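**Student:** If it helps, the file is called coords_7.txt and holds compact mmCIF, C-alpha atoms:
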```
# COMPACT_ATOMS: atom_id res chain seq x y z
CA VAL A 1 33.70 56.02 37.42
CA GLU A 2 34.57 58.78 39.90
CA ASP A 3 33.82 61.44 37.25
CA ALA A 4 30.50 59.77 36.47
CA GLN A 5 29.54 59.61 40.15
CA GLY A 6 30.22 63.32 40.54
CA SER A 7 28.27 64.30 37.42
CA LYS A 8 24.72 65.65 37.34
CA ALA A 9 21.92 63.85 35.55
CA PRO A 10 19.30 66.06 33.82
CA ILE A 11 16.67 64.96 36.41
CA GLN A 12 18.93 66.52 39.10
CA ARG A 13 18.16 69.95 37.61
CA MET A 14 14.49 69.41 38.42
CA ALA A 15 15.39 68.66 42.06
CA ASP A 16 17.65 71.76 42.09
CA ILE A 17 14.79 73.95 40.81
CA ILE A 18 12.38 72.53 43.44
CA SER A 19 14.99 73.09 46.17
CA GLY A 20 15.49 76.68 44.97
CA TYR A 21 11.81 77.46 45.61
CA PHE A 22 11.53 75.13 48.60
CA VAL A 23 13.73 77.08 51.04
CA PRO A 24 12.08 80.54 50.72
CA VAL A 25 8.60 78.91 50.75
CA VAL A 26 9.37 77.03 54.00
CA VAL A 27 10.81 80.19 55.64
CA GLY A 28 7.62 82.00 54.59
CA ILE A 29 5.38 79.23 56.01
CA SER A 30 7.29 79.24 59.32
CA MET A 31 6.89 83.06 59.63
CA VAL A 32 3.16 82.79 58.85
CA THR A 33 2.90 79.98 61.46
CA PHE A 34 4.56 82.24 64.07
CA ALA A 35 2.22 85.14 63.25
CA ILE A 36 -0.98 83.02 63.33
CA TRP A 37 -0.09 81.37 66.67
CA TYR A 38 1.10 84.63 68.28
CA PHE A 39 -1.85 86.78 67.16
CA PHE A 40 -4.72 84.25 66.81
CA GLY A 41 -3.93 80.68 67.99
CA ASP A 42 -2.63 81.48 71.49
CA PRO A 43 -2.48 85.31 71.57
CA GLY A 44 0.61 86.75 73.26
CA ASN A 45 2.25 83.33 73.91
CA PHE A 46 5.62 84.09 72.32
CA THR A 47 7.23 80.79 73.46
CA TRP A 48 4.57 78.56 71.89
CA ALA A 49 4.60 80.59 68.64
CA LEU A 50 8.41 80.33 68.55
CA ILE A 51 8.35 76.53 69.19
CA ASN A 52 5.92 75.98 66.26
CA PHE A 53 7.95 78.37 64.08
CA THR A 54 11.08 76.28 64.89
CA ALA A 55 9.28 72.94 64.36
CA VAL A 56 8.30 73.99 60.80
CA LEU A 57 11.88 75.05 60.00
CA VAL A 58 13.35 71.88 61.49
CA ILE A 59 10.97 69.31 59.96
CA ALA A 60 11.30 70.74 56.46
CA CYS A 61 13.96 68.72 54.63
CA PRO A 62 15.48 70.08 51.43
CA CYS A 63 18.36 67.60 51.93
CA ALA A 64 16.08 64.66 51.03
CA LEU A 65 15.37 66.38 47.69
CA GLY A 66 19.06 67.12 47.22
CA LEU A 67 20.11 63.53 48.00
CA ALA A 68 17.43 61.83 45.86
CA THR A 69 19.37 61.95 42.57
CA PRO A 70 23.13 61.95 43.33
CA THR A 71 22.84 59.02 45.76
CA SER A 72 21.13 56.88 43.12
CA ILE A 73 23.57 57.98 40.38
CA MET A 74 26.50 57.09 42.64
CA VAL A 75 25.09 53.64 43.41
CA GLY A 76 24.00 53.05 39.78
CA THR A 77 27.39 53.87 38.24
CA GLY A 78 29.14 51.93 41.01
CA ARG A 79 26.97 48.84 40.46
CA GLY A 80 27.60 49.18 36.73
CA ALA A 81 31.38 49.25 37.23
CA GLU A 82 31.19 46.14 39.44
CA ASN A 83 29.46 44.36 36.55
CA GLY A 84 31.83 45.57 33.82
CA ILE A 85 29.61 48.46 32.63
CA LEU A 86 31.57 51.72 32.60
CA ILE A 87 29.23 54.74 32.32
CA LYS A 88 30.78 58.12 31.44
CA GLY A 89 28.22 60.28 33.25
CA GLY A 90 24.87 60.54 35.01
CA GLU A 91 23.15 61.89 31.89
CA PHE A 92 23.93 58.67 29.96
CA LEU A 93 22.69 56.54 32.84
CA GLU A 94 19.44 58.53 32.69
CA ARG A 95 19.21 58.53 28.89
CA ALA A 96 19.71 54.76 28.43
CA GLN A 97 16.28 53.97 29.93
CA LYS A 98 14.58 56.02 27.18
CA ILE A 99 16.06 53.97 24.30
CA ASN A 100 13.39 52.40 22.10
CA ALA A 101 15.55 51.53 19.05
CA LEU A 102 18.96 49.86 19.26
CA VAL A 103 21.34 49.49 16.30
CA LEU A 104 23.83 46.61 16.55
CA ASP A 105 26.92 46.42 14.37
CA LYS A 106 27.37 42.87 13.07
CA THR A 107 31.11 42.10 12.97
CA GLY A 108 32.67 41.96 16.43
CA THR A 109 29.40 42.85 18.18
CA ILE A 110 26.80 40.22 17.26
CA THR A 111 29.51 37.94 15.86
CA ARG A 112 32.93 37.19 17.33
CA GLY A 113 34.71 39.32 14.72
CA GLU A 114 37.14 36.47 14.12
CA PRO A 115 36.03 35.15 10.72
CA ALA A 116 37.61 32.09 9.15
CA LEU A 117 38.02 31.23 5.46
CA THR A 118 35.68 28.29 4.84
CA ASP A 119 35.51 28.06 1.04
CA LEU A 120 37.81 28.77 -1.91
CA LEU A 121 36.24 27.97 -5.28
CA VAL A 122 38.59 28.11 -8.27
CA LEU A 123 36.78 29.55 -11.30
CA ASP A 124 39.62 29.35 -13.82
CA SER A 125 42.10 26.51 -13.26
CA ALA A 126 44.28 27.92 -16.05
CA VAL A 127 45.21 30.80 -13.73
CA GLY A 128 46.36 28.52 -10.93
CA SER A 129 45.49 25.83 -8.42
CA GLU A 130 43.63 26.42 -5.15
CA LYS A 131 46.94 26.77 -3.24
CA GLU A 132 48.41 29.19 -5.76
CA LEU A 133 45.32 31.40 -5.63
CA LEU A 134 45.22 31.28 -1.82
CA SER A 135 48.91 32.33 -1.76
CA LEU A 136 48.15 35.26 -4.10
CA ALA A 137 45.08 36.28 -2.08
CA GLY A 138 47.09 36.11 1.17
CA GLY A 139 49.81 38.25 -0.37
CA ALA A 140 47.25 40.84 -1.51
CA GLU A 141 45.39 40.95 1.83
CA LYS A 142 48.39 41.11 4.17
CA GLY A 143 48.34 44.91 3.80
CA SER A 144 44.77 45.11 5.16
CA GLU A 145 43.67 45.25 8.80
CA HIS A 146 40.08 44.15 8.05
CA PRO A 147 38.98 40.95 9.89
CA LEU A 148 37.97 39.31 6.59
CA ALA A 149 41.41 40.02 5.11
CA GLN A 150 43.08 38.61 8.21
CA ALA A 151 41.06 35.40 7.83
CA ILE A 152 42.54 34.85 4.34
CA VAL A 153 46.10 35.60 5.49
CA GLN A 154 45.66 33.27 8.48
CA LYS A 155 44.39 30.42 6.27
CA ALA A 156 47.34 30.82 3.88
CA GLU A 157 49.78 30.72 6.80
CA GLU A 158 48.03 27.66 8.29
CA GLU A 159 48.49 25.89 4.95
CA GLY A 160 52.20 26.71 5.19
CA LEU A 161 52.12 28.81 2.00
CA GLU A 162 54.73 31.47 1.34
CA LEU A 163 53.07 34.85 0.83
CA PRO A 164 54.44 36.67 -2.22
CA VAL A 165 55.83 40.21 -2.05
CA LEU A 166 53.21 42.94 -2.19
CA HIS A 167 54.22 45.70 -4.64
CA GLN A 168 51.18 47.97 -4.52
CA PHE A 169 48.21 48.05 -2.16
CA GLU A 170 45.04 50.11 -1.83
CA ALA A 171 42.20 49.48 0.63
CA ILE A 172 38.83 50.64 -0.70
CA PRO A 173 36.56 51.08 2.40
CA GLY A 174 33.41 49.00 2.21
CA HIS A 175 34.43 47.45 -1.11
CA GLY A 176 37.70 45.50 -0.81
CA VAL A 177 41.32 45.84 -1.92
CA ARG A 178 43.36 46.49 -5.05
CA ALA A 179 46.91 45.11 -5.11
CA GLU A 180 49.82 44.16 -7.35
CA VAL A 181 51.35 40.78 -6.53
CA GLN A 182 53.82 38.85 -8.74
CA ASP A 183 53.17 41.28 -11.62
CA ARG A 184 49.45 40.53 -11.43
CA GLN A 185 46.79 43.16 -10.86
CA LEU A 186 44.52 41.68 -8.21
CA LEU A 187 41.12 42.77 -6.97
CA LEU A 188 39.48 41.17 -3.93
CA GLY A 189 36.12 42.29 -2.67
CA THR A 190 32.45 42.91 -3.36
CA ARG A 191 30.39 42.75 -6.54
CA LYS A 192 30.34 46.55 -6.53
CA LEU A 193 34.14 46.56 -6.74
CA MET A 194 34.01 44.14 -9.68
CA ASN A 195 31.34 46.21 -11.47
CA GLU A 196 33.38 49.39 -11.03
CA ASN A 197 36.38 47.68 -12.62
CA ASP A 198 34.45 45.96 -15.45
CA VAL A 199 35.06 42.43 -14.16
CA ASP A 200 32.42 39.94 -15.32
CA TRP A 201 31.15 37.83 -12.40
CA GLU A 202 27.50 37.28 -13.39
CA SER A 203 28.09 33.65 -14.47
CA GLN A 204 29.01 32.87 -10.84
CA ARG A 205 25.86 34.38 -9.30
CA GLU A 206 24.36 30.98 -8.37
CA LYS A 207 27.52 29.84 -6.51
CA ILE A 208 27.78 33.21 -4.72
CA GLU A 209 24.13 33.13 -3.63
CA LYS A 210 24.45 29.54 -2.33
CA LEU A 211 27.38 30.57 -0.07
CA GLU A 212 25.52 33.69 1.09
CA ARG A 213 22.44 31.67 2.06
CA GLU A 214 24.76 29.77 4.40
CA GLY A 215 25.55 33.08 6.12
CA LYS A 216 29.00 33.43 4.56
CA THR A 217 30.51 36.66 3.28
CA VAL A 218 31.69 36.08 -0.28
CA MET A 219 34.65 37.89 -1.81
CA ILE A 220 35.34 37.71 -5.53
CA MET A 221 38.98 37.52 -6.57
CA ALA A 222 39.94 38.89 -9.97
CA ALA A 223 43.37 38.69 -11.63
CA ASP A 224 44.18 41.05 -14.51
CA GLY A 225 40.51 41.92 -15.04
CA LYS A 226 39.16 38.35 -14.90
CA ALA A 227 37.26 36.62 -12.04
CA VAL A 228 39.40 33.66 -10.91
CA ALA A 229 38.08 32.58 -7.50
CA LEU A 230 35.34 32.94 -4.90
CA LEU A 231 36.33 33.11 -1.24
CA GLY A 232 33.71 32.35 1.42
CA VAL A 233 34.38 33.67 4.91
CA ALA A 234 32.21 32.81 7.93
CA ASP A 235 32.04 34.55 11.28
CA THR A 236 30.49 32.74 14.26
CA ILE A 237 27.77 34.25 16.45
CA LYS A 238 28.80 35.23 20.00
CA LYS A 239 27.47 32.90 22.69
CA ASN A 240 24.88 35.27 24.26
CA SER A 241 23.85 37.33 21.20
CA THR A 242 20.54 35.49 20.60
CA GLU A 243 19.59 35.64 24.29
CA ALA A 244 20.42 39.37 24.42
CA VAL A 245 18.33 40.18 21.31
CA HIS A 246 15.29 38.34 22.77
CA ALA A 247 15.72 40.15 26.10
CA LEU A 248 15.88 43.54 24.33
CA LYS A 249 12.70 42.78 22.39
CA GLU A 250 10.91 41.77 25.60
CA MET A 251 11.91 45.17 27.03
CA GLY A 252 10.01 46.80 24.14
CA ILE A 253 13.13 47.87 22.20
CA GLU A 254 13.25 47.70 18.42
CA VAL A 255 16.49 45.91 17.41
CA TRP A 256 18.33 46.71 14.16
CA MET A 257 21.46 45.13 12.66
CA ILE A 258 23.84 47.21 10.55
CA THR A 259 26.57 45.79 8.32
CA GLY A 260 28.54 46.30 5.15
CA ASP A 261 27.67 42.74 4.07
CA ASN A 262 25.23 42.18 1.22
CA LYS A 263 21.54 41.69 2.02
CA ARG A 264 21.49 37.90 1.70
CA THR A 265 24.41 37.25 4.08
CA ALA A 266 23.13 39.91 6.51
CA ASP A 267 19.64 38.35 6.55
CA ALA A 268 21.12 34.89 7.22
CA ILE A 269 23.08 36.16 10.25
CA ALA A 270 20.14 38.28 11.50
CA ALA A 271 17.78 35.28 11.29
CA GLN A 272 20.14 33.25 13.52
CA VAL A 273 19.81 35.78 16.36
CA GLY A 274 16.17 36.79 15.78
CA ILE A 275 16.59 40.27 14.26
CA GLU A 276 14.01 41.33 11.64
CA ASN A 277 15.28 44.86 10.91
CA VAL A 278 18.44 44.70 8.79
CA LEU A 279 20.49 47.54 7.30
CA ALA A 280 22.82 45.84 4.80
CA GLU A 281 25.49 47.08 2.38
CA VAL A 282 26.05 50.18 4.51
CA LEU A 283 29.42 51.81 3.89
CA PRO A 284 31.42 52.74 7.03
CA GLU A 285 30.88 56.47 6.52
CA ASP A 286 27.09 55.96 6.18
CA LYS A 287 26.51 54.24 9.55
CA ALA A 288 26.05 57.55 11.38
CA ARG A 289 23.55 58.64 8.70
CA GLU A 290 21.45 55.49 9.25
CA VAL A 291 21.36 56.20 13.00
CA GLN A 292 20.29 59.77 12.20
CA LYS A 293 17.42 58.49 10.02
CA LEU A 294 16.06 56.48 12.95
CA GLN A 295 16.33 59.55 15.18
CA GLU A 296 14.47 61.64 12.61
CA SER A 297 11.64 59.08 12.64
CA GLY A 298 11.19 59.88 16.36
CA LYS A 299 13.19 57.00 17.88
CA VAL A 300 15.48 57.40 20.90
CA THR A 301 18.39 55.48 19.44
CA GLY A 302 21.28 53.53 20.94
CA MET A 303 24.22 52.23 18.92
CA VAL A 304 26.44 49.25 19.80
CA GLY A 305 29.77 48.86 18.00
CA ASP A 306 33.40 47.93 18.36
CA GLY A 307 35.36 49.23 15.38
CA ILE A 308 36.95 52.45 14.15
CA ASN A 309 34.23 52.80 11.52
CA ASP A 310 31.54 52.63 14.25
CA ALA A 311 32.87 55.69 16.12
CA PRO A 312 30.83 58.37 14.22
CA ALA A 313 27.62 56.34 14.70
CA LEU A 314 28.39 55.82 18.40
CA ALA A 315 28.82 59.58 18.80
CA THR A 316 25.62 60.33 16.81
CA ALA A 317 23.33 58.04 18.82
CA GLU A 318 21.62 59.25 22.00
CA VAL A 319 23.62 56.57 23.82
CA GLY A 320 26.66 54.84 22.30
CA PHE A 321 27.70 51.44 23.70
CA ALA A 322 31.26 50.33 22.92
CA VAL A 323 32.11 46.66 23.17
CA GLY A 324 35.22 46.52 25.37
CA THR A 325 36.97 43.99 23.15
CA GLY A 326 36.98 46.56 20.31
CA THR A 327 39.13 49.56 19.41
CA ASP A 328 40.12 52.43 21.71
CA VAL A 329 38.55 55.03 19.41
CA ALA A 330 35.15 53.28 19.66
CA MET A 331 35.38 53.36 23.47
CA GLU A 332 36.39 57.03 23.37
CA ALA A 333 33.39 57.94 21.18
CA ALA A 334 30.90 55.88 23.21
CA ASP A 335 29.00 56.87 26.37
CA ILE A 336 28.97 53.41 27.93
CA THR A 337 31.75 50.81 27.59
CA LEU A 338 31.03 47.11 28.11
CA MET A 339 34.14 45.42 29.43
CA SER A 340 32.85 41.91 28.66
CA GLY A 341 32.39 42.40 24.91
CA ASP A 342 29.05 40.65 25.40
CA LEU A 343 25.64 41.94 24.25
CA ILE A 344 24.10 40.91 27.59
CA GLY A 345 26.02 43.96 28.90
CA VAL A 346 23.73 46.21 26.80
CA VAL A 347 20.65 44.54 28.32
CA ASN A 348 22.09 44.98 31.82
CA SER A 349 22.98 48.65 31.11
CA ILE A 350 19.41 49.48 30.11
CA ARG A 351 18.00 47.53 33.09
CA LEU A 352 20.41 49.37 35.40
CA SER A 353 19.34 52.71 33.91
CA ARG A 354 15.65 51.87 34.36
CA ALA A 355 16.22 50.70 37.96
CA THR A 356 18.23 53.85 38.80
CA MET A 357 15.60 56.19 37.35
CA ARG A 358 12.83 54.30 39.16
CA ASN A 359 14.81 54.70 42.39
CA ILE A 360 15.37 58.45 41.80
CA LYS A 361 11.65 58.99 41.18
CA GLN A 362 10.80 57.02 44.34
CA ASN A 363 13.29 59.14 46.32
CA LEU A 364 11.81 62.40 45.00
CA PHE A 365 8.27 61.17 45.62
CA TRP A 366 8.94 60.25 49.27
CA ALA A 367 10.91 63.47 49.87
CA LEU A 368 7.99 65.54 48.59
CA ILE A 369 5.35 63.45 50.41
CA TYR A 370 7.31 63.71 53.67
CA ASN A 371 7.48 67.51 53.40
CA THR A 372 3.87 67.82 52.26
CA VAL A 373 2.68 65.88 55.32
CA GLY A 374 5.30 67.00 57.86
CA ILE A 375 5.16 70.80 57.40
CA PRO A 376 1.36 71.17 58.00
CA VAL A 377 1.59 68.84 61.06
CA ALA A 378 4.36 71.05 62.53
CA ALA A 379 2.51 74.26 61.60
CA LEU A 380 -0.63 73.03 63.42
CA GLY A 381 1.40 72.66 66.63
CA PHE A 382 1.40 68.87 66.89
CA LEU A 383 5.20 68.45 66.85
CA ASN A 384 7.90 69.15 69.36
CA PRO A 385 11.04 70.53 67.55
CA VAL A 386 13.09 67.60 68.97
CA LEU A 387 10.75 65.07 67.26
CA ALA A 388 10.72 67.27 64.13
CA GLY A 389 14.53 67.13 64.01
CA ALA A 390 14.49 63.33 64.35
CA ALA A 391 11.86 63.06 61.58
CA MET A 392 13.97 65.29 59.30
CA ALA A 393 17.09 63.10 59.79
CA PHE A 394 15.03 59.95 59.26
CA SER A 395 13.61 61.27 55.96
CA SER A 396 17.15 61.82 54.61
```
Mind turning the file's structure into structure tokens?
**Tutor:**
Amino acid sequence: VEDAQGSKAPIQRMADIISGYFVPVVVGISMVTFAIWYFFGDPGNFTWALINFTAVLVIACPCALGLATPTSIMVGTGRGAENGILIKGGEFLERAQKINALVLDKTGTITRGEPALTDLLVLDSAVGSEKELLSLAGGAEKGSEHPLAQAIVQKAEEEGLELPVLHQFEAIPGHGVRAEVQDRQLLLGTRKLMNENDVDWESQREKIEKLEREGKTVMIMAADGKAVALLGVADTIKKNSTEAVHALKEMGIEVWMITGDNKRTADAIAAQVGIENVLAEVLPEDKAREVQKLQESGKVTGMVGDGINDAPALATAEVGFAVGTGTDVAMEAADITLMSGDLIGVVNSIRLSRATMRNIKQNLFWALIYNTVGIPVAALGFLNPVLAGAAMAFSS
């Protein structure tokens, strides 16, 4: 927060440029004032010419211009910190108010990121019972750190099942896992993963689509090249997600949801929170590319995420918001960190940015108006330097 308060926002450069011209211009005006009064206004009256010369120098206030931006940045970042919004620098506080498209990661951002296994449909009872298949799935997934994998492991442990020894394990980002458990070659994951390994799942399409319409992520489990079970995992929406999405829309911001889930599940979740723009089946490495596409279409884009795979997208966006309940690398890549892990924090960040920029512009306006009015009044001889000095301090 201290670093942010000491940083310069881009609008500060404008004030610096104005101040750079301001000082020599005011010195010039004061010298012209002296010359006009001494030679024409009250010829030969050196004292009166000197008093008016001094009044112009004293009433002119470059400090008001200099204070306009840093004071607001200091208060803005401080107010943000009080409310659990940590802003890395003045430029991000300024940039946030320009956002007109916001991309929200689904898991852990819109949803809690703590999915639970809700359904296990056995497709081939010859391979094993529900408990046997859950034990195998838990054994295969215990090598993965993905929230969906953890949901399966947790369910198996809750059922008191013993997880078999894992002999081989491979995580395939955005697709699922490949593992060897109890001499069986297991695959758990998406339809793409099944297609790539020639596993026939088409006969189960109706069951899969029914689960997906309920907003569940469906994983297909295959043993030795044959589909044996469907696992439905559901993630609950965070308490304030719907309210935050509506607030963002009212602020004129286009809201997008990005996820690796298939289109049907993604649409079901998006509908619950009121998002119409959905980017589904996006692999982790493609998230940054999707943000870039929005930027190329002329949008000032913000990205909100919590996971390792969100970091490139957070860095690509004009402003990256990291949910504070997420990973350290996401917070490192982001420009603004929300300590609450709540999407209302994004709404508050943008409101804070808009309020700070409005305040900076008001400060600059009054500083310029004060000087525009004050300098001619002093030059015309209407101001005693003592009053001019008081007016200068008051303007700051």
**Student:** Report as JSON lines the residues of segment 166-258 of chain A within 12 Å of segment 269-275 of chain A, each with its shortest atom pair and distance in Å (one decimal), using only C-alpha atoms, ordered by chain and increasing residue number.
**Tutor:**
```
{"residue": "A:Glu212", "atom": "CA", "partner": "A:Ile269", "partner_atom": "CA", "distance": 9.8}
{"residue": "A:Arg213", "atom": "CA", "partner": "A:Ile269", "partner_atom": "CA", "distance": 9.4}
{"residue": "A:Glu214", "atom": "CA", "partner": "A:Ile269", "partner_atom": "CA", "distance": 8.8}
{"residue": "A:Gly215", "atom": "CA", "partner": "A:Ile269", "partner_atom": "CA", "distance": 5.7}
{"residue": "A:Lys216", "atom": "CA", "partner": "A:Ile269", "partner_atom": "CA", "distance": 8.7}
{"residue": "A:Thr217", "atom": "CA", "partner": "A:Ile269", "partner_atom": "CA", "distance": 10.2}
{"residue": "A:Ala234", "atom": "CA", "partner": "A:Ile269", "partner_atom": "CA", "distance": 10.0}
{"residue": "A:Asp235", "atom": "CA", "partner": "A:Ile269", "partner_atom": "CA", "distance": 9.2}
{"residue": "A:Thr236", "atom": "CA", "partner": "A:Ile269", "partner_atom": "CA", "distance": 9.1}
{"residue": "A:Ile237", "atom": "CA", "partner": "A:Ile269", "partner_atom": "CA", "distance": 8.0}
{"residue": "A:Lys238", "atom": "CA", "partner": "A:Val273", "partner_atom": "CA", "distance": 9.7}
{"residue": "A:Lys239", "atom": "CA", "partner": "A:Val273", "partner_atom": "CA", "distance": 10.3}
{"residue": "A:Asn240", "atom": "CA", "partner": "A:Val273", "partner_atom": "CA", "distance": 9.4}
{"residue": "A:Ser241", "atom": "CA", "partner": "A:Val273", "partner_atom": "CA", "distance": 6.5}
{"residue": "A:Thr242", "atom": "CA", "partner": "A:Val273", "partner_atom": "CA", "distance": 4.3}
{"residue": "A:Glu243", "atom": "CA", "partner": "A:Val273", "partner_atom": "CA", "distance": 7.9}
{"residue": "A:Ala244", "atom": "CA", "partner": "A:Val273", "partner_atom": "CA", "distance": 8.8}
{"residue": "A:Val245", "atom": "CA", "partner": "A:Val273", "partner_atom": "CA", "distance": 6.8}
{"residue": "A:His246", "atom": "CA", "partner": "A:Gly274", "partner_atom": "CA", "distance": 7.2}
{"residue": "A:Ala247", "atom": "CA", "partner": "A:Gly274", "partner_atom": "CA", "distance": 10.9}
{"residue": "A:Leu248", "atom": "CA", "partner": "A:Ile275", "partner_atom": "CA", "distance": 10.6}
{"residue": "A:Lys249", "atom": "CA", "partner": "A:Ile275", "partner_atom": "CA", "distance": 9.4}
{"residue": "A:Ile253", "atom": "CA", "partner": "A:Ile275", "partner_atom": "CA", "distance": 11.5}
{"residue": "A:Glu254", "atom": "CA", "partner": "A:Ile275", "partner_atom": "CA", "distance": 9.1}
{"residue": "A:Val255", "atom": "CA", "partner": "A:Ile275", "partner_atom": "CA", "distance": 6.5}
{"residue": "A:Trp256", "atom": "CA", "partner": "A:Ile275", "partner_atom": "CA", "distance": 6.7}
{"residue": "A:Met257", "atom": "CA", "partner": "A:Ile275", "partner_atom": "CA", "distance": 7.1}
{"residue": "A:Ile258", "atom": "CA", "partner": "A:Ala270", "partner_atom": "CA", "distance": 9.7}
```
**Student:** Segment 26-35 of chain A: which residues within 8 Å, counting only C-alpha atoms, same-chain residues fewer than 3 positions away excluded, as number ranges by chain?
**Tutor:** A: 22-23, 38-40, 49-50, 52-54, 56-57, 60, 379
**Student:** Hey, which of A:Gly189, A:Gly232, A:Pro70, A:Ala137 ends up closest to Pro115 of chain A? Count only C-alpha atoms.
**Tutor:**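 Closest to Pro115 of chain A, using only C-alpha atoms: A:Gly232.
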**Student:** Could you tell me how far atom CA of Asn359 of chain A sits from atom CA of Pro62 of chain A, in Å to one decimal place?
**Tutor:**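 About the pair atom CA of Pro62 of chain A and atom CA of Asn359 of chain A: they are 17.9 Å apart.
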**Student:** Between A:Ile51, A:Leu67, A:Ala101, A:Val127, which residue has the minimum interatomic distance to Asn277 of chain A, considering all atoms listed in the file?
**Tutor:** A:Ala101
**Student:** Nearest residue to Gln154 of chain A out of A:Gly389, A:Thr118, A:Glu132, A:Leu188, using only C-alpha atoms?
**Tutor:** A:Thr118
**Student:** Find the nearest atom pair between each residue of segment 69-98 of chain A and segment 335-352 of chain A for residues within 8 Å, count only C-alpha atoms, give distances in Å to one decimal, sort rows by chain and ascending number, and present the table as CSV.
**Tutor:**
```
residue,atom,partner,partner_atom,distance
A:Gly76,CA,A:Leu352,CA,6.8
A:Gly80,CA,A:Ser349,CA,7.3
A:Gly84,CA,A:Met339,CA,5.0
A:Ile85,CA,A:Leu338,CA,4.9
A:Leu86,CA,A:Thr337,CA,5.1
A:Ile87,CA,A:Ile336,CA,4.6
A:Lys88,CA,A:Asp335,CA,5.5
A:Gly89,CA,A:Asp335,CA,7.7
A:Phe92,CA,A:Asp335,CA,6.5
A:Leu93,CA,A:Leu352,CA,7.9
A:Ala96,CA,A:Ile350,CA,5.5
A:Gln97,CA,A:Ile350,CA,5.5
```
**Student:** Write out as a ChimeraX atom specification the residues lying within 12 Å of Gly160 of chain A, counting all atoms listed in the file and excluding same-chain residues fewer than 6 positions away.
**Tutor:** /A:131-132,134-135,138,153-154
**Student:** Taking (17.5, 57.8, 31.8) in the file's own coordinates, collect the residues within 9 Å, counting only C-alpha atoms, and hand them back as a list in words.
**Tutor:**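 Output of the proximity query reads Ala9, Pro10, Ile11, Gly90, Glu91, Phe92, Leu93, Glu94, Arg95, Ala96, Gln97, Lys98, Ile99, Ile350, Ser353, Arg354, Thr356 and Met357 of chain A.
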**Student:** What separation in Å, quoted to one decimal, exists between atom CA of Ala313 of chain A and atom CA of Lys287 of chain A?
**Tutor:**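 Distance between the two atoms: 5.7 Å.
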**Student:** Edge lengths and centre, in Å to one decimal, as JSON: that's what I need for the box along x, y and z that holds all listed atoms of segment 250-265 of chain A plus 6 Å on each side.
**Tutor:**
```
{"center_x": 19.3, "center_y": 42.6, "center_z": 14.1, "size_x": 30.5, "size_y": 22.6, "size_z": 37.8}
```
**Student:** Around the point (37.9, 42.2, -16.3) (coordinates from the file), which residues reach within 7 Å if we count only C-alpha atoms? Answer as a ChimeraX atom specification.
**Tutor:** /A:197-200,224-226
**Student:** From the set A:Val323, A:Ile18, A:Leu65, A:Leu380, which residue has the shortest atom-to-atom contact distance to Thr111 of chain A, counting all atoms listed in the file?
**Tutor:**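 Among A:Val323, A:Ile18, A:Leu65, A:Leu380, it is A:Val323 that comes nearest to Thr111 of chain A.
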**Student:** As an exercise, work out the distance from atom CA of Thr107 of chain A to atom CA of Ala140 of chain A in Å and give it to one decimal place.
**Tutor:**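 Between atom CA of Thr107 of chain A and atom CA of Ala140 of chain A the gap works out to 21.7 Å.
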**Student:** Just want the 9 Å neighbourhood of Val386 of chain A, counted on only C-alpha atoms, with same-chain residues fewer than 5 positions away dropped. Output as a list in words.
**Tutor:** Ala55, Val58 and Ala391 of chain A
